[in-house]
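> One file: query35.txt (compact mmCIF, C-alpha atoms).
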```txt
# COMPACT_ATOMS: atom_id res chain seq x y z
CA MET A 1006 -123.00 -24.46 -23.43
CA ARG A 1007 -119.41 -25.64 -23.01
CA ILE A 1008 -116.89 -23.84 -25.17
CA LEU A 1009 -113.25 -24.81 -25.67
CA HIS A 1010 -111.06 -21.93 -26.82
CA THR A 1011 -107.80 -22.41 -28.69
CA ALA A 1012 -105.82 -20.51 -31.33
CA ASP A 1013 -102.62 -20.26 -33.36
CA TRP A 1014 -102.33 -23.83 -34.61
CA HIS A 1015 -100.00 -22.95 -37.52
CA LEU A 1016 -100.56 -26.37 -39.09
CA GLY A 1017 -97.79 -27.40 -41.47
CA ASP A 1018 -95.23 -25.06 -39.92
CA ARG A 1019 -91.45 -25.45 -39.97
CA LEU A 1020 -88.76 -24.27 -37.59
CA GLY A 1021 -85.51 -24.03 -39.50
CA ARG A 1022 -84.89 -27.46 -41.00
CA ILE A 1023 -87.47 -29.19 -38.75
CA ASP A 1024 -90.97 -30.02 -39.99
CA ARG A 1025 -93.36 -29.40 -37.07
CA THR A 1026 -96.25 -31.40 -38.55
CA ASP A 1027 -96.12 -34.28 -36.08
CA ASP A 1028 -95.74 -31.99 -33.04
CA LEU A 1029 -98.72 -29.88 -34.07
CA ARG A 1030 -100.90 -32.85 -34.96
CA THR A 1031 -100.24 -34.37 -31.56
CA ALA A 1032 -101.50 -31.14 -29.96
CA VAL A 1033 -104.59 -31.11 -32.20
CA GLU A 1034 -105.34 -34.71 -31.22
CA ARG A 1035 -105.08 -33.73 -27.56
CA ILE A 1036 -107.55 -30.89 -28.15
CA ALA A 1037 -109.97 -33.33 -29.81
CA ALA A 1038 -109.65 -35.61 -26.78
CA TYR A 1039 -110.50 -32.68 -24.49
CA CYS A 1040 -113.61 -32.03 -26.57
CA GLN A 1041 -114.83 -35.55 -25.87
CA GLU A 1042 -113.60 -35.71 -22.28
CA HIS A 1043 -115.33 -32.46 -21.23
CA ALA A 1044 -118.46 -32.83 -23.39
CA VAL A 1045 -117.63 -29.66 -25.30
CA ASP A 1046 -120.35 -28.16 -27.48
CA VAL A 1047 -118.33 -25.59 -29.42
CA LEU A 1048 -114.64 -25.55 -30.29
CA VAL A 1049 -113.44 -22.01 -31.08
CA VAL A 1050 -110.16 -21.69 -33.00
CA ALA A 1051 -109.30 -17.98 -32.92
CA GLY A 1052 -107.20 -17.72 -36.07
CA ASP A 1053 -103.91 -18.82 -37.64
CA LEU A 1054 -105.11 -22.30 -38.43
CA PHE A 1055 -102.45 -22.87 -41.06
CA SER A 1056 -98.83 -21.87 -41.45
CA GLU A 1057 -97.79 -19.55 -44.24
CA LEU A 1058 -94.93 -22.03 -44.79
CA SER A 1059 -97.28 -24.92 -45.55
CA ARG A 1060 -97.25 -26.24 -49.11
CA PRO A 1061 -100.54 -27.02 -50.95
CA ASP A 1062 -100.15 -30.75 -50.31
CA GLY A 1063 -99.48 -29.97 -46.65
CA LEU A 1064 -102.68 -27.92 -46.41
CA ARG A 1065 -104.60 -30.81 -47.94
CA ASP A 1066 -103.11 -33.28 -45.46
CA SER A 1067 -103.85 -30.95 -42.54
CA ILE A 1068 -107.51 -30.77 -43.49
CA ARG A 1069 -107.68 -34.55 -43.91
CA HIS A 1070 -106.14 -35.05 -40.47
CA TRP A 1071 -108.54 -32.49 -39.02
CA ARG A 1072 -111.51 -34.34 -40.50
CA GLU A 1073 -110.34 -37.66 -39.08
CA VAL A 1074 -109.55 -36.34 -35.61
CA PHE A 1075 -112.80 -34.39 -35.14
CA HIS A 1076 -115.12 -36.84 -36.91
CA ASN A 1077 -116.70 -38.12 -33.68
CA PHE A 1078 -117.00 -34.63 -32.23
CA LEU A 1079 -118.85 -33.32 -35.27
CA ALA A 1080 -120.94 -36.47 -35.67
CA GLY A 1081 -122.07 -36.08 -32.07
CA GLY A 1082 -123.37 -32.57 -32.72
CA GLY A 1083 -120.28 -30.56 -31.77
CA THR A 1084 -119.51 -27.39 -33.73
CA ILE A 1085 -116.18 -25.86 -34.74
CA LEU A 1086 -116.02 -22.09 -35.20
CA THR A 1087 -112.85 -20.75 -36.80
CA LEU A 1088 -111.62 -17.51 -38.30
CA THR A 1089 -108.62 -16.38 -40.29
CA GLY A 1090 -105.49 -14.89 -38.75
CA ASN A 1091 -102.62 -12.87 -40.15
CA HIS A 1092 -100.66 -16.01 -41.12
CA ASP A 1093 -103.57 -17.70 -42.91
CA ASN A 1094 -103.48 -17.59 -46.71
CA GLU A 1095 -106.50 -15.49 -47.69
CA ASN A 1096 -106.97 -17.06 -51.12
CA PHE A 1097 -106.80 -20.61 -49.80
CA CYS A 1098 -109.18 -19.92 -46.91
CA GLN A 1099 -111.67 -18.13 -49.15
CA THR A 1100 -111.58 -21.06 -51.58
CA LEU A 1101 -112.17 -23.44 -48.68
CA VAL A 1102 -115.17 -21.40 -47.52
CA SER A 1103 -116.62 -21.30 -51.03
CA ALA A 1104 -116.28 -25.08 -51.35
CA MET A 1105 -117.93 -25.69 -47.96
CA THR A 1106 -120.79 -23.31 -48.79
CA LEU A 1107 -121.33 -24.96 -52.15
CA ALA A 1108 -121.54 -28.38 -50.50
CA SER A 1109 -123.83 -27.22 -47.70
CA PRO A 1110 -125.18 -23.64 -47.99
CA THR A 1111 -126.27 -23.34 -44.36
CA ILE A 1112 -125.08 -19.84 -43.44
CA GLY A 1113 -127.90 -17.38 -44.05
CA GLN A 1114 -128.38 -13.83 -42.83
CA PRO A 1115 -126.35 -12.38 -39.93
CA GLY A 1116 -127.63 -13.52 -36.56
CA GLU A 1117 -129.46 -16.60 -37.80
CA VAL A 1118 -129.25 -19.86 -35.87
CA VAL A 1119 -126.88 -22.18 -37.75
CA PRO A 1120 -126.95 -25.99 -37.66
CA PRO A 1121 -124.52 -27.73 -35.31
CA GLY A 1122 -122.26 -30.62 -36.27
CA ARG A 1123 -120.07 -28.84 -38.78
CA LEU A 1124 -117.15 -26.45 -39.20
CA TYR A 1125 -117.58 -22.74 -39.92
CA LEU A 1126 -114.69 -20.61 -41.15
CA ALA A 1127 -115.01 -16.83 -41.05
CA THR A 1128 -112.89 -15.01 -43.61
CA GLN A 1129 -114.94 -11.84 -43.02
CA PRO A 1130 -116.62 -10.53 -39.86
CA MET A 1131 -119.43 -12.93 -39.02
CA PHE A 1132 -122.36 -12.94 -36.60
CA LEU A 1133 -124.23 -16.18 -35.92
CA ARG A 1134 -126.09 -18.02 -33.18
CA LEU A 1135 -125.90 -21.58 -31.93
CA GLU A 1136 -128.45 -23.27 -29.71
CA ASP A 1137 -127.37 -25.03 -26.57
CA ARG A 1138 -127.79 -28.77 -27.16
CA ARG A 1139 -129.15 -29.43 -23.66
CA ARG A 1140 -131.48 -26.52 -22.89
CA GLY A 1141 -132.13 -25.01 -26.30
CA PHE A 1142 -131.24 -21.36 -25.55
CA PRO A 1143 -129.18 -19.50 -28.20
CA VAL A 1144 -125.67 -18.12 -27.71
CA GLN A 1145 -124.47 -15.33 -29.98
CA PHE A 1146 -121.03 -15.67 -31.57
CA VAL A 1147 -119.17 -12.81 -33.23
CA LEU A 1148 -116.16 -13.91 -35.29
CA MET A 1149 -113.62 -11.24 -36.20
CA PRO A 1150 -110.65 -12.24 -38.42
CA TYR A 1151 -107.35 -10.41 -38.33
CA PRO A 1152 -107.88 -6.98 -39.95
CA THR A 1153 -106.36 -6.84 -43.41
CA PRO A 1154 -107.39 -4.48 -46.23
CA HIS A 1155 -109.09 -7.27 -48.20
CA ARG A 1156 -111.10 -8.43 -45.19
CA PHE A 1157 -112.11 -5.07 -43.71
CA LEU A 1158 -111.79 -2.26 -46.24
CA LYS A 1159 -114.41 -1.77 -48.92
CA GLY A 1160 -113.89 -0.66 -52.50
CA ASP A 1161 -111.19 1.91 -53.17
CA SER A 1162 -110.71 2.59 -49.45
CA LYS A 1163 -108.33 -0.34 -49.21
CA PHE A 1164 -105.81 1.67 -51.22
CA ARG A 1165 -106.30 5.06 -49.51
CA TYR A 1166 -103.30 5.24 -47.24
CA ALA A 1167 -99.86 6.70 -47.73
CA SER A 1168 -97.88 4.91 -45.04
CA PRO A 1169 -97.97 1.77 -42.87
CA GLU A 1170 -98.97 3.90 -39.88
CA GLU A 1171 -101.92 5.35 -41.77
CA LYS A 1172 -102.89 1.90 -43.02
CA ASN A 1173 -102.96 0.59 -39.44
CA ARG A 1174 -105.06 3.53 -38.25
CA VAL A 1175 -107.56 2.89 -41.04
CA LEU A 1176 -107.73 -0.81 -40.14
CA VAL A 1177 -108.23 -0.09 -36.43
CA GLN A 1178 -111.14 2.16 -37.31
CA ALA A 1179 -112.59 -0.36 -39.78
CA TRP A 1180 -112.36 -3.17 -37.18
CA ALA A 1181 -114.20 -1.08 -34.60
CA GLU A 1182 -116.86 -0.05 -37.12
CA GLU A 1183 -117.51 -3.65 -38.16
CA LEU A 1184 -117.91 -4.73 -34.55
CA ARG A 1185 -120.18 -1.76 -33.84
CA ALA A 1186 -122.33 -2.61 -36.88
CA ILE A 1187 -122.77 -6.20 -35.66
CA ARG A 1188 -123.83 -5.06 -32.20
CA GLN A 1189 -126.32 -2.65 -33.78
CA HIS A 1190 -127.82 -5.34 -36.00
CA PRO A 1191 -131.56 -5.92 -35.37
CA ARG A 1192 -130.91 -9.57 -34.49
CA TYR A 1193 -128.19 -8.80 -31.95
CA ASP A 1194 -129.50 -8.94 -28.38
CA ALA A 1195 -127.27 -7.07 -25.95
CA GLN A 1196 -128.96 -8.90 -23.04
CA ALA A 1197 -128.42 -12.41 -24.43
CA PRO A 1198 -125.22 -14.43 -23.86
CA ALA A 1199 -122.52 -13.50 -26.37
CA VAL A 1200 -119.00 -14.67 -27.21
CA LEU A 1201 -116.47 -12.73 -29.26
CA ALA A 1202 -113.69 -14.61 -31.05
CA ALA A 1203 -111.01 -12.41 -32.60
CA HIS A 1204 -107.49 -12.66 -33.98
CA ILE A 1205 -106.08 -9.36 -32.83
CA HIS A 1206 -103.42 -7.58 -30.79
CA LEU A 1207 -105.32 -6.14 -27.84
CA HIS A 1208 -103.78 -3.10 -26.17
CA GLY A 1209 -102.14 -3.94 -22.84
CA CYS A 1210 -101.32 -7.58 -23.52
CA ASN A 1211 -97.90 -9.11 -22.91
CA ILE A 1212 -96.30 -10.13 -26.19
CA GLY A 1213 -93.29 -11.73 -24.52
CA PRO A 1214 -89.97 -11.51 -26.42
CA GLY A 1215 -91.83 -10.40 -29.55
CA LEU A 1216 -94.53 -11.09 -32.11
CA PHE A 1217 -94.42 -14.32 -34.08
CA ARG A 1218 -92.79 -13.59 -37.47
CA MET A 1219 -94.12 -10.06 -37.56
CA ALA A 1220 -92.56 -6.66 -37.06
CA PRO A 1221 -94.28 -4.56 -34.36
CA GLU A 1222 -94.80 -1.66 -36.76
CA ASP A 1223 -96.82 -3.91 -39.08
CA ASP A 1224 -99.27 -5.02 -36.40
CA VAL A 1225 -102.76 -3.64 -35.83
CA VAL A 1226 -103.39 -2.86 -32.14
CA ILE A 1227 -106.99 -2.56 -30.90
CA GLU A 1228 -107.85 -0.62 -27.73
CA GLY A 1229 -110.79 -2.88 -26.81
CA SER A 1230 -111.36 -1.52 -23.28
CA GLU A 1231 -115.12 -2.11 -23.62
CA LEU A 1232 -114.94 -5.77 -24.63
CA ALA A 1233 -114.94 -7.18 -21.09
CA GLU A 1234 -118.31 -5.51 -20.41
CA GLN A 1235 -119.86 -6.35 -23.76
CA TYR A 1236 -119.18 -10.10 -23.93
CA ASP A 1237 -119.49 -13.07 -21.61
CA TYR A 1238 -116.27 -14.44 -23.02
CA VAL A 1239 -113.64 -13.05 -25.41
CA ALA A 1240 -111.59 -15.75 -27.18
CA LEU A 1241 -108.44 -14.18 -28.56
CA GLY A 1242 -105.73 -15.38 -30.89
CA HIS A 1243 -102.56 -13.84 -32.41
CA ILE A 1244 -100.46 -13.38 -29.25
CA HIS A 1245 -98.80 -16.72 -28.48
CA LYS A 1246 -98.25 -16.07 -24.78
CA PRO A 1247 -101.23 -17.41 -22.75
CA GLN A 1248 -102.80 -14.67 -20.60
CA TRP A 1249 -105.90 -12.76 -19.69
CA VAL A 1250 -106.22 -9.05 -20.46
CA GLN A 1251 -108.36 -6.55 -18.54
CA ALA A 1252 -110.51 -9.35 -17.06
CA ALA A 1253 -110.26 -13.11 -16.50
CA HIS A 1254 -112.79 -13.81 -19.28
CA VAL A 1255 -110.83 -11.85 -21.92
CA ARG A 1256 -108.14 -14.34 -22.85
CA TYR A 1257 -105.40 -15.36 -25.21
CA SER A 1258 -105.26 -19.15 -25.17
CA GLY A 1259 -101.76 -18.99 -26.68
CA SER A 1260 -100.32 -21.24 -29.37
CA ILE A 1261 -100.74 -25.00 -29.03
CA GLU A 1262 -97.00 -25.73 -29.26
CA THR A 1263 -93.69 -24.00 -28.66
CA MET A 1264 -93.25 -22.28 -32.02
CA ASP A 1265 -89.86 -20.63 -31.46
CA LEU A 1266 -87.22 -19.97 -28.81
CA GLY A 1267 -89.16 -17.01 -27.43
CA GLU A 1268 -91.86 -19.41 -26.18
CA GLN A 1269 -89.56 -21.77 -24.29
CA ASN A 1270 -90.99 -20.78 -20.87
CA ASP A 1271 -94.68 -20.67 -21.85
CA HIS A 1272 -97.15 -23.14 -20.38
CA LYS A 1273 -99.33 -24.17 -23.30
CA GLY A 1274 -103.01 -24.97 -22.94
CA VAL A 1275 -106.60 -24.41 -24.05
CA VAL A 1276 -109.39 -22.64 -22.17
CA LEU A 1277 -112.69 -24.21 -21.13
CA VAL A 1278 -115.59 -21.87 -20.39
CA GLU A 1279 -119.29 -22.50 -19.76
CA VAL A 1280 -121.97 -20.06 -20.86
CA GLY A 1281 -125.54 -20.36 -19.58
CA ARG A 1282 -128.80 -18.64 -20.33
CA GLN A 1283 -127.83 -15.73 -18.10
CA GLY A 1284 -124.21 -15.55 -19.25
CA ARG A 1285 -120.94 -17.07 -18.06
CA ASN A 1286 -121.51 -19.68 -15.35
CA LYS A 1287 -118.02 -19.71 -13.84
CA GLU A 1288 -114.50 -18.50 -14.44
CA PRO A 1289 -112.58 -20.01 -17.38
CA GLU A 1290 -110.46 -23.08 -16.74
CA VAL A 1291 -107.11 -23.72 -18.43
CA LEU A 1292 -106.50 -27.30 -19.62
CA PRO A 1293 -102.78 -28.02 -20.15
CA LEU A 1294 -101.17 -29.09 -23.40
CA PRO A 1295 -97.79 -30.85 -23.26
CA SER A 1296 -95.30 -29.08 -25.53
CA THR A 1297 -91.92 -29.76 -27.08
CA ALA A 1298 -88.87 -28.57 -25.17
CA ILE A 1299 -86.91 -25.88 -26.99
CA TYR A 1300 -83.62 -24.30 -25.92
CA GLU A 1301 -80.20 -23.05 -26.99
CA VAL A 1302 -76.94 -24.91 -26.43
CA VAL A 1303 -73.57 -23.13 -26.54
CA VAL A 1304 -70.39 -25.16 -27.13
CA LEU A 1305 -67.21 -23.29 -26.22
CA GLU A 1306 -64.74 -26.17 -25.75
CA PRO A 1307 -65.85 -29.15 -27.83
CA SER A 1308 -63.46 -31.64 -26.17
CA GLU A 1309 -64.93 -30.81 -22.75
CA ASP A 1310 -68.48 -29.83 -23.64
CA LEU A 1311 -69.47 -32.78 -25.85
CA PRO A 1312 -69.00 -35.48 -23.18
CA ARG A 1313 -70.81 -33.28 -20.67
CA LEU A 1314 -73.73 -32.63 -23.02
CA LYS A 1315 -74.02 -36.33 -23.74
CA ARG A 1316 -74.38 -37.00 -20.01
CA GLU A 1317 -76.72 -34.08 -19.32
CA TYR A 1318 -79.09 -34.63 -22.28
CA PRO A 1319 -79.61 -38.40 -22.60
CA HIS A 1320 -83.26 -37.96 -23.67
CA ALA A 1321 -83.04 -34.98 -26.01
CA LYS A 1322 -84.03 -36.78 -29.21
CA ASN A 1323 -87.32 -34.85 -29.52
CA ASP A 1324 -86.09 -31.49 -28.23
CA LEU A 1325 -85.80 -28.49 -30.54
CA VAL A 1326 -82.30 -27.10 -30.16
CA LYS A 1327 -80.41 -24.09 -31.46
CA LEU A 1328 -76.65 -24.71 -31.49
CA GLN A 1329 -73.92 -22.10 -31.07
CA ILE A 1330 -70.47 -23.65 -31.59
CA ARG A 1331 -66.98 -22.31 -31.06
CA TYR A 1332 -64.04 -24.44 -32.18
CA THR A 1333 -60.30 -24.15 -32.70
CA ALA A 1334 -58.91 -25.09 -36.10
CA GLY A 1335 -56.08 -27.56 -35.79
CA LYS A 1336 -57.37 -28.73 -32.42
CA ASP A 1337 -61.03 -29.54 -33.06
CA GLN A 1338 -62.39 -31.42 -36.07
CA LEU A 1339 -65.47 -29.40 -36.97
CA GLU A 1340 -67.12 -32.22 -38.94
CA GLU A 1341 -66.83 -34.63 -36.02
CA VAL A 1342 -68.08 -32.00 -33.57
CA LEU A 1343 -71.15 -31.42 -35.75
CA ARG A 1344 -71.79 -35.15 -36.12
CA GLU A 1345 -71.56 -35.72 -32.35
CA LEU A 1346 -73.92 -32.83 -31.66
CA GLU A 1347 -76.38 -34.26 -34.16
CA ARG A 1348 -76.27 -37.59 -32.34
CA ILE A 1349 -77.09 -35.84 -29.05
CA PHE A 1350 -79.61 -33.36 -30.50
CA PRO A 1351 -81.04 -34.92 -33.69
CA ARG A 1352 -83.74 -32.22 -33.92
CA TRP A 1353 -81.45 -29.20 -33.94
CA TYR A 1354 -83.23 -26.57 -36.00
CA ALA A 1355 -80.45 -24.00 -36.42
CA ARG A 1356 -76.73 -23.95 -35.81
CA ASP A 1357 -73.87 -21.54 -36.18
CA TRP A 1358 -70.15 -22.03 -35.71
CA LYS A 1359 -67.14 -19.79 -35.50
CA GLU A 1360 -63.42 -20.49 -35.31
CA THR A 1361 -61.87 -18.99 -32.19
CA GLY A 1362 -58.22 -19.43 -33.19
CA ALA A 1363 -55.60 -22.12 -33.77
CA LEU A 1364 -51.87 -22.67 -33.40
CA MET A 1365 -50.57 -22.48 -36.94
CA ALA A 1366 -47.00 -21.88 -38.15
CA GLY A 1367 -45.91 -21.28 -34.58
CA SER A 1368 -48.22 -18.30 -34.02
CA LEU A 1369 -51.68 -17.91 -32.59
CA VAL A 1370 -54.16 -17.16 -35.34
CA SER A 1371 -56.39 -14.28 -34.39
CA GLU A 1372 -60.14 -14.78 -34.49
CA SER A 1373 -60.36 -11.54 -36.44
CA SER A 1374 -57.89 -12.72 -39.10
CA PRO A 1375 -59.86 -14.99 -41.44
CA THR A 1376 -57.13 -14.72 -44.09
CA ASN A 1377 -54.88 -16.92 -41.92
CA ARG A 1378 -57.26 -19.85 -42.16
CA GLY A 1379 -56.31 -22.74 -44.37
CA PHE A 1380 -57.94 -23.32 -47.73
CA ARG A 1381 -59.41 -26.66 -46.66
CA GLU A 1382 -60.92 -25.27 -43.46
CA THR A 1383 -62.48 -22.39 -45.36
CA VAL A 1384 -64.03 -24.78 -47.90
CA ARG A 1385 -65.32 -27.10 -45.17
CA ASP A 1386 -66.94 -24.26 -43.23
CA TYR A 1387 -68.56 -22.85 -46.34
CA LEU A 1388 -70.01 -26.20 -47.39
CA GLN A 1389 -71.26 -26.98 -43.88
CA GLN A 1390 -73.17 -23.71 -43.88
CA GLU A 1391 -74.53 -24.16 -47.39
CA LEU A 1392 -75.62 -27.76 -46.75
CA VAL A 1393 -77.27 -27.09 -43.42
CA GLN A 1394 -80.76 -27.93 -44.76
CA HIS A 1395 -79.67 -31.18 -46.41
CA GLU A 1396 -80.06 -34.64 -44.95
CA ALA A 1397 -77.05 -35.86 -42.97
CA GLU A 1398 -76.24 -38.71 -45.39
CA GLU A 1399 -76.37 -36.42 -48.41
CA ARG A 1400 -74.29 -33.77 -46.66
CA ASP A 1401 -71.64 -36.30 -45.63
CA ALA A 1402 -71.47 -37.74 -49.14
CA ILE A 1403 -70.88 -34.30 -50.66
CA LEU A 1404 -68.22 -33.48 -48.08
CA GLN A 1405 -66.44 -36.77 -48.78
CA ILE A 1406 -66.37 -36.00 -52.50
CA VAL A 1407 -64.95 -32.53 -51.84
CA GLU A 1408 -62.35 -33.94 -49.44
CA GLN A 1409 -61.25 -36.42 -52.12
CA LEU A 1410 -61.02 -33.66 -54.71
CA MET A 1411 -58.86 -31.55 -52.41
CA GLU A 1412 -56.60 -34.53 -51.68
CA ASP A 1413 -56.25 -35.24 -55.42
CA GLU A 1414 -55.36 -31.58 -55.97
CA ASP A 1415 -52.69 -31.72 -53.25
CA THR A 1416 -51.27 -34.92 -54.80
CA SER A 1417 -51.09 -33.42 -58.27
CA ARG A 1418 -49.30 -30.31 -56.94
CA SER A 1419 -46.71 -32.39 -55.09
```
Now that the file is in, can you turn its structure into structure tokens?


Amino acid sequence: MRILHTADWHLGDRLGRIDRTDDLRTAVERIAAYCQEHAVDVLVVAGDLFSELSRPDGLRDSIRHWREVFHNFLAGGGTILTLTGNHDNENFCQTLVSAMTLASPTIGQPGEVVPPGRLYLATQPMFLRLEDRRRGFPVQFVLMPYPTPHRFLKGDSKFRYASPEEKNRVLVQAWAEELRAIRQHPRYDAQAPAVLAAHIHLHGCNIGPGLFRMAPEDDVVIEGSELAEQYDYVALGHIHKPQWVQAAHVRYSGSIETMDLGEQNDHKGVVLVEVGRQGRNKEPEVLPLPSTAIYEVVVLEPSEDLPRLKREYPHAKNDLVKLQIRYTAGKDQLEEVLRELERIFPRWYARDWKETGALMAGSLVSESSPTNRGFRETVRDYLQQELVQHEAEERDAILQIVEQLMEDEDTSRS
């Protein structure tokens, strides 16, 4: 049985003012192509399918795109196994599961063989089996969503903690107990091939510069030292940095695109693994995914830096860029600097500027003396910051109106 492991799609996500929909859909389409190219039987998506920033219409469009892209894979008998991550909306995913079950109630008791050719989404711990399409032997799959109180704590126990630390300890224990209960189920065969898919922070992994939109103290960290011995393959999600932990078959596939500046040096990909009747046939293979370049650009001297940047970045129209700008009032025209940078880097996702000083009234204005700045410059800077999320044409139109108003005011005073 050929299994393709991926995770952390974050469909419908945004980075600053940039909608990442097209970038992420391109990656999903590449994954679908890999499924066909490598005759994959099971696609495992280990959590965070959707972005918490996605609007309801965006979620609908993501599902429609998913259906179109994987139509041939599912029609040919391929199966998609997914589970919820910490960024997935629990209410939406539970509604989606209820709708799928109503349309085709095929999931029975834990450990039963489920039909191929469809998508399964686990919003709770799930244990199922799939038969290999070529030789007919079953492979056990254990799907473990990210541990939240609603997913893992029963009854009043979900409210029985007095601090975040206690809450995390309770969830770690609940996660381990759920996994132990599945392995002790009468239908679970410890000698048969088994795959664990989980959205979790496994102790000892490399999180890189930091977790994705999550404070470390809010995360649930699982020890998991026994997982390498218990499963033929462990498909992990949650940590965006691709890596193996403890053993080569315990892996984070990583996110499918560069999601923020902390991932600029990651090599994105998906993991192909083959499981036979006796277990894993060979070591996992990483299949590369092209990703969008992301970096930071610092402008210290606009008159010198802008021509240089134009020469050095002639093909940056698709790059994701964070801009840090320093300018001198009275020497540099901030609006023109911003417009030129937008021509070079049209997909800048965040920018910040600061005046470094100007020659005014015969004295050098200190950077730490904002009261010496002119009224017009102060208004321009404020509006540029407030209008950062607006379209360029709309922003320019508003600035032109304000400029005219300030000129009219100067005329009336004179």

> Nearest to A:Ala1195 among A:Ile1349, A:Cys1040, A:Cys1098, A:Val1144, with distances taken over only C-alpha atoms: which residue is it?

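Of A:Ile1349, A:Cys1040, A:Cys1098, A:Val1144, the one nearest A:Ala1195 is A:Val1144, counting only C-alpha atoms.
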
> Give me, please, the distance in Å between atom CA of A:Arg1065 and atom CA of A:Glu1034, quoted to one decimal.

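Distance reported for this atom pair: 17.2 Å.
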
> Could you name the residues that touch A:Tyr1193 at 10 Å or less, counting only C-alpha atoms, but leaving out those on the same chain fewer than 5 positions away, as a PyMOL selection string?

chain A and resi 1115-1117+1132-1134+1145-1147+1186-1188+1199

> What does the distance from atom CA of A:Val1275 to atom CA of A:Phe1055 come to in Å, to one decimal?

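Atom-to-atom, atom CA of A:Val1275 and atom CA of A:Phe1055 are spaced 17.6 Å apart.
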
> Could you tell me how far atom CA of A:Lys1359 lies from atom CA of A:Leu1328, in Å and to one decimal?

11.4 Å

> Would you list the contacts of stretch 1080-1088 of chain A as an MDAnalysis selection string, taking every protein, DNA or RNA residue within 8 Å and counting only C-alpha atoms, but skipping same-chain residues closer than 5 positions in sequence?

chainID A and resid 1045:1053 1121:1128 1148:1150 1203:1204

> Rank nothing, just name the residue among A:Gln1409, A:Thr1263, A:Asn1323, A:Ser1258 nearest to A:Val1278, using all atoms listed in the file.

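Among the listed residues, A:Ser1258 lies closest to A:Val1278.
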